[in-house]
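Asks: Here it is, the structure in full.
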Amino acid sequence: MKKMMKDNQQTDRFQRVVKAASIHYDMEIGKTMAAITDDFPDNPAAMKYFYEKHRNLIRNDSNGKLPSKKTIATLCIHVPVELILAVGAIPVRSCAGAFTTEQLGAEFLPAKSCPMVKSTLGAISYNLLHGKVQPDLIINPATCDQKKKLGEINEEISEKFYLLEMPSTKDSEESREYWLQTVFKLIRKLESVTGNKLTAKSLKRAIQEVAHAQRLYRKFNHIRTSAPVILGKDALLVTNAFFFDDLESWSFHLNLLNEELENRMKTGFRVVNERAPRILLTGSPSVFPNMKMPLLVEELGGFIVSEEFCSSSRMLWDTVAVDEWHLYDMIPALADRYLKPSTCPNFSPNTDRIRKLLSAIEEYKIDGVVCQTFTGCQLYDMETRIIAKAMEQAGIQTLFVETDYSPEDIGQLTTRVEAFLHSLKHNRKKQLI
Amino acid sequence: MKYFVGIDIGSTAIKIAVLNDDKNICALGQSPTGSRFNQNTSDTLDRLFAENQLDSSLISYTVTTGYGRKLFKTGDENINELTANVEGAIFMAPAGSNIRTIINIGGQDTKIIQLDQHNQMTNFIMNDKCAAGTGRFLDIAARNLEVDVDELKELHFKALDKPLSINSTCAVFAESEIISLLAAGHNTSEIACGIHYSIAKRIARLATRIQLNDDILFDGGPALNSGMVDAIENELMRKVIVQPHPQFTTAIGASVYARKQYDFESKSVIQN
Amino acid sequence: MYSRNITMNYLQNIKHKADRANVSRLRFWIQLFTFLLIVYGGYFFIHIGSQVPTFACPYNQGSPGTCYLIAMQHGLHLTWSELVSYRGLAFFTGFLTFIGFFIVFNKAWCGFICPLGTLQDWITKLRYKIGIRFSRYDSASFQKLKKIKYVILVLLIAIPLGMSNSFFGLAPINHDMQSPFCQVCPGRTILPLASADTSQIFIDFTNKTTLVMSTLGILITALFFVGAFAKKRFFCFFCPMSALQFLFSRIGILRLTKNGSNCTRCGNCNRVCDVGIIGIAEDITSKYIVKDDCMMCFKCVEACPEDNCLDVRVFNAKIFSSTQEGFFKRYIQPNELSLKNEKNDER
């Protein structure tokens with residue numbers, strides 16, 4: 001009797017938490033969206049699709065997907081999305097960006113944990129993922145330590161977690177071999193969860209569809225780095241939508257956006273003035289609705305040209321090159337693409353990240369770099385020292401900020417970003433003279 | 001005669017500097033910030049002009065800075081305090097010096113600013129999450145030692161370089177530590193000296209993340225405290241420059257910036 | 001000045017089109033053409049000389065020329081004193097002619113012209129059609145096995161010299177060992193088969209030496225077919241012509257270069273490389289990126305999705321570069337996609 005009452009209480013409490021959190025989450029989304037759309041003029045018309053997709057993040061099943069397909073949640077960009085598509089399931093990248101769910105997750109995790117990990121665990125535990133999906137499987141790569149231990153924390157949901165083994169380096173042949181074996185194991189797991197077999201035809205189709213989306217993204221990237229026709233806060237919404245949107249629909253609307261932006265380029269339309277410093281963002285990823293830093297930088301007059309985030313370019317950039325379109329070549333090609341070009345600080349050494357930043361700075365004519373680290377993220381924090389040295393040697397001004405999801409530090413961040421942008425403008429003026 | 005006003009609305013005090021078109025500082029004044037920023041600032045400004053017999057109708061441009069900079073309704077422009085501090089430091093730099101680092105201890109934060117050879121800010125580090133190592137800590141200490149903040153410097157030198165070590169990392173907990181040290185019979189000068197070194201150590205820790213290049217300027221209210229200056233010089237093992245009126249450096253910088261924005265030819269403001 | 005701009009624009013347009021080309025398809029046709037030329041050209045009285053840097057095997061009646069390795073082995077059948085006389089001069093002149101031919105196309109002789117290479121590629125296509133997987137060497141084996149071709153090259157040079165001279169006071173090598181490489185080369189046995197000539201497939205029971213060498217020849221021929229079926233360009237890994245060529249590859253006119261700062265180390269180039277060279281992906285500092293096993297087929301350039309990372313150059317001018325658009329154009333097959341409202345990408 002007592003146990004039954006306790007269970008009812010748990011369920012009752014659970015329902016209340018979900019209800020209250022949904023309301024707060026929706027309000028948080030509303031506030032962020034209002035800042036994105038209303039604080040800036042000249043939003044491209046084609047962005048309306050992406051605005052709506054994000055506004056309805058927690059409202060309904062925003063995917064409109066068939067109930068017959070399984071949903072597989074992923075917690076990292078190292079999970080090969082093509083495999084999930086090829087077994088006929090829907091991938092939903094579930095890294096969360098909400099302060100609301102961070103507070104929920106804080107119930108289970110140490111206080112100094114990464115806010116994204118807390119937010120994700122809170123969202124999973126209280127059924128507040130994108131589109132309110134209830135995933136059939138949660139693939140959790142063993143990348144950073146905090147992510148790795150997520151599956152153990154909350155007993156009620158841990159049976160849904162599947163740990164994806166990852167090597168700690170990507171340079172050795174053994175690590176590539178280990179990762180390939182992990183991918184094979186993942187395929188078997190996906191096949192058993194969905195009941196569908198992976199075939200060469202379905203995998204080829206999936207690889208081609210993702211490649212098509214990547215091609216559109218590269219075009220988008222080329223447009224926004226060549227001409228100031230779209231702000232970074234919008235570009236981040238486009239890539240964030242890739243987490244959970246239907247691939248075909250996303251590709252279609254990105255194509256429309258590209259066309260509109262190309263028209264803007266032809267007419268010489270500018271979305272910022274000439275003196276706006278060109279900024280590159282890097283570090284811990286900005287996941288919607290945590291658009292704190294991008295919004296702040298652009299509200300204070302900066303222009304975000306590109307981001308080296310795993311919620312942005314790193315998710316969509318690298319391609320799969322297949323020599324023979326059979327499973328024996330497609331699967332290793334896929335595995336290599338998800339390991340070798342990665343610039344996640346989880347890998348040691350991570351010199352590719354420095355090279356990528358320097359290459360982007362030169363190619364996109366960047367004036368300054370803003371490097372964001374989440375409080376509690378040891379990997380990114382340690383790498384800031386390395387980045388600082390490299391940027392100093394290259395003569396690039398860099399602003400390092402440590403922040404989390406809470407809105408309390410806006411005042412302090414404003415001071416820093418303002419001072420940084422001001423000094424960039426001055427230096428540029430000096431160079432012009 | 002034209003006046004250019006720089007107002008630094010800080011967390012503890014409002015500081016105002018008035019510069020004229022010949023680049024002379026005509027007036028400096030401060031008052032506690034209180035809670036009504038706008039009103040208190042206006043009042044302080046009026047009072048300052050009255051006391052110095054200056055005609056407030058000749059004010060050409062007003063620039064505000066500091067945390068409360070956007071709250072002064074009748075200001076013309078606002079800039080952030082890092083930029084203002086740099087302007088003020090360069091303006092007040094002693095002849096023959098080459099300021100490349102500014103250490104500022106404010107009421108609620110500490111900043112270290114790095115400058116290049118063109119007096120442009122290239123990097124900065126701020127500690128604005130914690131009161132330890134800021135002017136607030138000195139206020140707390142003075143209150144517990146039952147002295148005025150101005151008396152701390154005399155106490156420092158009486159301690160004959162025997163500072164007590166203050167272990168608490170938090171300014172609030174340091175209070176109880178000070179009280180227990182007093183109860184144990186330690187004298188106020190040793191404790192005051194220890195507090196200065198505690199703050200100086202914090203600055204030194206902050207400075208490990210940025211390169212300190214000579215010449216180093218130390219400004220902000222606590223720079224008036226020669227005991228604090230001594231502790232910093234010993235902890236950093238470098239000499240620091242202290243300009244006159246260090247608590248007004250940022251306000252002076254804002255007034256210098258105001259003057260730069262005003263184009264004498266067109267008698268109007270340069271559009272930025 | 002104005003006309004120069006027009007010329008520059010025109011050239012740039014050509015280059016853009018070239019960057020999107022499907023080099024692999026072009027290569028297939030060039031390989032077919034050169035295979036027919038080298039295997040049957042002699043029947044049409046075509047002569048391309050005796051310093052050809054590829055397997056134009058003279059044992060094949062239809063060959064329009066002579067593979068340099070046989071010329072080299074014959075040429076080295078000199079005593080030391082002869083080597084420094086006018087006969088030695090003939091050898092060096094021949095050698096310089098070989099280098100002259102070689103540096104025009106650099107290692108692309110292997111990828112585009114060599115008939116044994118073409119044969120292996122056709123065997124690979126057959127395997128692909130059937131759907132059997134291929135094997136790759138792991139890096140430890142790769143490092144060990146790649147040295148074999150240098151050993152063969154050294155033997156190829158040393159044995160003929162050893163037949164006319166005495167090394168270390170030992171008796172000169174038996175004349176049955178003449179043209180030692182040709183006796184084991186699969187080109188000798190296979191290329192004549194294209195003219196239905198099986199006369200080269202035999203075991204010579206004359207004496208022990210000929211027995212061993214001819215048996216070795218048959219075994220290597222069999223290994224050629226089996227190996228090429230299991231691994232792409234199996235034979236090329238052990239080819240002494242490749243070793244000889246690599247020594248002069250740096251001065252070649254046709255070049256393959258890399259700009260390491262644009263490289264994301266995605267490894268696409270290594271994935272499609274038939275020979276399995278890992279250096280192309282991992283080396284981000286060298287400019288001249290041709291390694292000894294490279295056959296300059298340029299599949300790596302086609303597979304590279306970054307702009308101006310891998311370039312094919314004639315002297316220093318780029319004629320084919322890796323580009324993002326080129327990559328996608330070659331790899332995406334629109335009929336695989338279920339997308340509606342797709343715009344044609346030909347712009």
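In the structure tokens, each chain is lettered A, B, ... as it comes, each chain's residues begin at 1, and ligands are numbered from 1 in order of appearance.
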Within 8 Å of chain C, which residues of chain A come that close, and what is the closest atom pair and distance in Å for each? Count only C-alpha atoms and give it as a Markdown table.
Replies:
```
| residue | atom | partner | partner_atom | distance |
| --- | --- | --- | --- | --- |
| A:Glu173 | CA | C:Ser139 | CA | 7.4 |
| A:Lys204 | CA | C:Glu336 | CA | 8.0 |
| A:Arg205 | CA | C:Glu336 | CA | 5.8 |
| A:Gln208 | CA | C:Ile332 | CA | 6.0 |
| A:Glu209 | CA | C:Leu337 | CA | 6.1 |
| A:Ala211 | CA | C:Ile332 | CA | 7.0 |
| A:His212 | CA | C:Ile332 | CA | 7.0 |
| A:Arg215 | CA | C:Phe328 | CA | 6.7 |
| A:Glu248 | CA | C:Leu339 | CA | 6.6 |
| A:Asp318 | CA | C:Cys266 | CA | 7.0 |
| A:Thr319 | CA | C:Pro305 | CA | 7.1 |
| A:Val320 | CA | C:Asn268 | CA | 7.1 |
| A:Ala321 | CA | C:Asn268 | CA | 5.5 |
| A:Val322 | CA | C:Val272 | CA | 6.9 |
| A:Asp323 | CA | C:Val272 | CA | 5.2 |
| A:Glu324 | CA | C:Tyr128 | CA | 7.0 |
| A:His326 | CA | C:Gly131 | CA | 7.0 |
| A:Tyr328 | CA | C:Arg133 | CA | 6.1 |
| A:Asp329 | CA | C:Arg133 | CA | 7.7 |
| A:Ala333 | CA | C:Arg271 | CA | 6.8 |
| A:Asp336 | CA | C:Gly267 | CA | 7.1 |
| A:Arg337 | CA | C:Cys266 | CA | 6.1 |
| A:Lys340 | CA | C:Cys266 | CA | 5.2 |
| A:Pro341 | CA | C:Cys266 | CA | 4.3 |
| A:Asp352 | CA | C:Thr264 | CA | 7.0 |
| A:Arg355 | CA | C:Ser261 | CA | 6.6 |
| A:Lys356 | CA | C:Thr264 | CA | 7.2 |
| A:Ser359 | CA | C:Ser261 | CA | 6.4 |
```
Asks: Report as an MDAnalysis selection string the set of chain B residues whose atoms approach chain A to within 8 Å, with distances computed over only C-alpha atoms.
Replies: chainID B and resid 80:83 120:123 128
Asks: What is the distance, in Å and to one decimal place, between CA of Ile157 in chain A and CA of Leu237 in chain A?
Replies: 29.2 Å
Asks: Report, in Å to a single decimal, how far apart CA of Ser168 in chain A and CA of Glu156 in chain A are.
Replies: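 We find that CA of Glu156 in chain A and CA of Ser168 in chain A lie 29.2 Å from each other.
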Asks: Neighbours of Ala90 in chain C within 12 Å (only C-alpha atoms; same-chain residues fewer than 3 positions away dropped), as a list of chain:residue names?
Replies: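 Once the adjacent positions are removed, what remains is C:Ala71, C:Met72, C:His74, C:Gly75, C:Leu76, C:Leu78, C:Glu82, C:Leu83, C:Val84, C:Ser85, C:Tyr86, C:Arg87, C:Thr93, C:Gly94, C:Phe95, C:Leu96, C:Thr97.
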Asks: Which residues are near Ile105 in chain B? Cut-off 6 Å, only C-alpha atoms, ignore same chain within fewer than 2 positions. Put them as a PDB file with all heavy atoms, in the first residue's frame.
Replies:
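Generated file (part.pdb):
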```
ATOM      1  N   THR B 110      38.029  43.881 -10.326  1.00  0.00           N
ATOM      2  CA  THR B 110      39.422  44.214 -10.629  1.00  0.00           C
ATOM      3  C   THR B 110      39.650  43.927 -12.096  1.00  0.00           C
ATOM      4  O   THR B 110      39.107  42.960 -12.634  1.00  0.00           O
ATOM      5  CB  THR B 110      40.435  43.386  -9.818  1.00  0.00           C
ATOM      6  OG1 THR B 110      39.852  42.129  -9.524  1.00  0.00           O
ATOM      7  CG2 THR B 110      40.840  44.057  -8.556  1.00  0.00           C
ATOM      8  N   THR B 134      38.824  43.191  -4.216  1.00  0.00           N
ATOM      9  CA  THR B 134      38.283  44.459  -4.707  1.00  0.00           C
ATOM     10  C   THR B 134      38.226  45.469  -3.568  1.00  0.00           C
ATOM     11  O   THR B 134      38.525  45.133  -2.415  1.00  0.00           O
ATOM     12  CB  THR B 134      36.839  44.288  -5.226  1.00  0.00           C
ATOM     13  OG1 THR B 134      35.986  43.989  -4.108  1.00  0.00           O
ATOM     14  CG2 THR B 134      36.761  43.175  -6.239  1.00  0.00           C
ATOM     15  N   GLY B 220      42.328  53.403  -9.662  1.00  0.00           N
ATOM     16  CA  GLY B 220      41.138  53.035  -8.893  1.00  0.00           C
ATOM     17  C   GLY B 220      41.319  53.565  -7.491  1.00  0.00           C
ATOM     18  O   GLY B 220      42.430  53.902  -7.072  1.00  0.00           O
TER      19      GLY B 220
END
```
Asks: Using Å and a single decimal, report how far CA of Ala132 in chain B sits from CA of Lys389 in chain A.
Replies: 28.5 Å
Asks: Near range 230-245 of chain B, within 7 Å and counting only C-alpha atoms, which residues show up once chain neighbours fewer than 5 positions away are dropped, as a list in words?
Replies: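 Once the nearby chain positions are removed, what remains is Met92, His196, Tyr197, Ala200, Lys201, Ala204, Ile216, Leu217, Phe218, Asp219 and Ala223 of chain B.
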Asks: Take the residues from that selection and write them out as a compact mmCIF listing (two decimals), in the first residue's frame, keeping N, CA and C atoms.
Replies:
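Saved result, again-v1.txt, follows:
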```
# COMPACT_ATOMS: atom_id res chain seq x y z
N MET B 92 46.71 61.02 -18.32
CA MET B 92 47.39 61.42 -17.10
C MET B 92 48.80 60.84 -16.98
N HIS B 196 46.09 43.74 2.78
CA HIS B 196 46.67 44.30 1.57
C HIS B 196 47.37 43.23 0.75
N TYR B 197 48.13 42.37 1.44
CA TYR B 197 48.84 41.31 0.72
C TYR B 197 47.88 40.30 0.13
N ALA B 200 46.68 41.81 -2.96
CA ALA B 200 47.77 41.85 -3.94
C ALA B 200 48.03 40.47 -4.53
N LYS B 201 47.91 39.43 -3.67
CA LYS B 201 48.12 38.06 -4.17
C LYS B 201 47.07 37.70 -5.21
N ALA B 204 48.03 39.21 -8.37
CA ALA B 204 49.13 38.45 -8.97
C ALA B 204 48.61 37.20 -9.66
N ILE B 216 53.75 49.79 -15.60
CA ILE B 216 52.47 49.35 -15.07
C ILE B 216 51.83 50.49 -14.29
N LEU B 217 50.59 50.77 -14.61
CA LEU B 217 49.85 51.81 -13.90
C LEU B 217 48.86 51.16 -12.96
N PHE B 218 48.75 51.69 -11.76
CA PHE B 218 47.78 51.17 -10.80
C PHE B 218 46.79 52.29 -10.51
N ASP B 219 45.51 52.07 -10.83
CA ASP B 219 44.53 53.10 -10.52
C ASP B 219 43.27 52.54 -9.90
N ALA B 223 44.19 52.80 -5.04
CA ALA B 223 45.55 53.26 -5.35
C ALA B 223 45.96 54.44 -4.47
```
Asks: Determine which residues of range 132-255 of chain A DSSP labels as strand (DSSP E or B) from the backbone of this structure, then write them out as a tab-separated table (two decimals) with N, CA and C atoms, in the first residue's frame.
Replies:
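Writing the result to selection-v1.tsv gives the following:
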```
chain	number	residue	atom	x	y	z
A	137	LEU	N	15.78	4.84	-28.32
A	137	LEU	CA	17.17	4.56	-27.94
A	137	LEU	C	17.87	5.89	-27.81
A	138	ILE	N	18.79	5.98	-26.86
A	138	ILE	CA	19.59	7.20	-26.73
A	138	ILE	C	21.04	6.81	-26.91
A	139	ILE	N	21.64	7.25	-28.01
A	139	ILE	CA	23.04	6.88	-28.27
A	139	ILE	C	23.93	7.93	-27.63
A	140	ASN	N	24.73	7.50	-26.71
A	140	ASN	CA	25.56	8.41	-25.93
A	140	ASN	C	27.03	8.10	-26.17
A	141	PRO	N	27.72	8.92	-26.98
A	141	PRO	CA	29.13	8.63	-27.22
A	141	PRO	C	29.97	8.92	-26.00
A	161	PHE	N	19.78	4.13	-22.57
A	161	PHE	CA	21.06	4.64	-23.02
A	161	PHE	C	21.90	3.55	-23.64
A	162	TYR	N	22.58	3.91	-24.73
A	162	TYR	CA	23.51	2.98	-25.36
A	162	TYR	C	24.84	3.70	-25.44
A	163	LEU	N	25.86	3.17	-24.78
A	163	LEU	CA	27.16	3.83	-24.78
A	163	LEU	C	27.89	3.51	-26.07
A	164	LEU	N	28.28	4.55	-26.79
A	164	LEU	CA	29.04	4.38	-28.02
A	164	LEU	C	30.51	4.57	-27.69
```
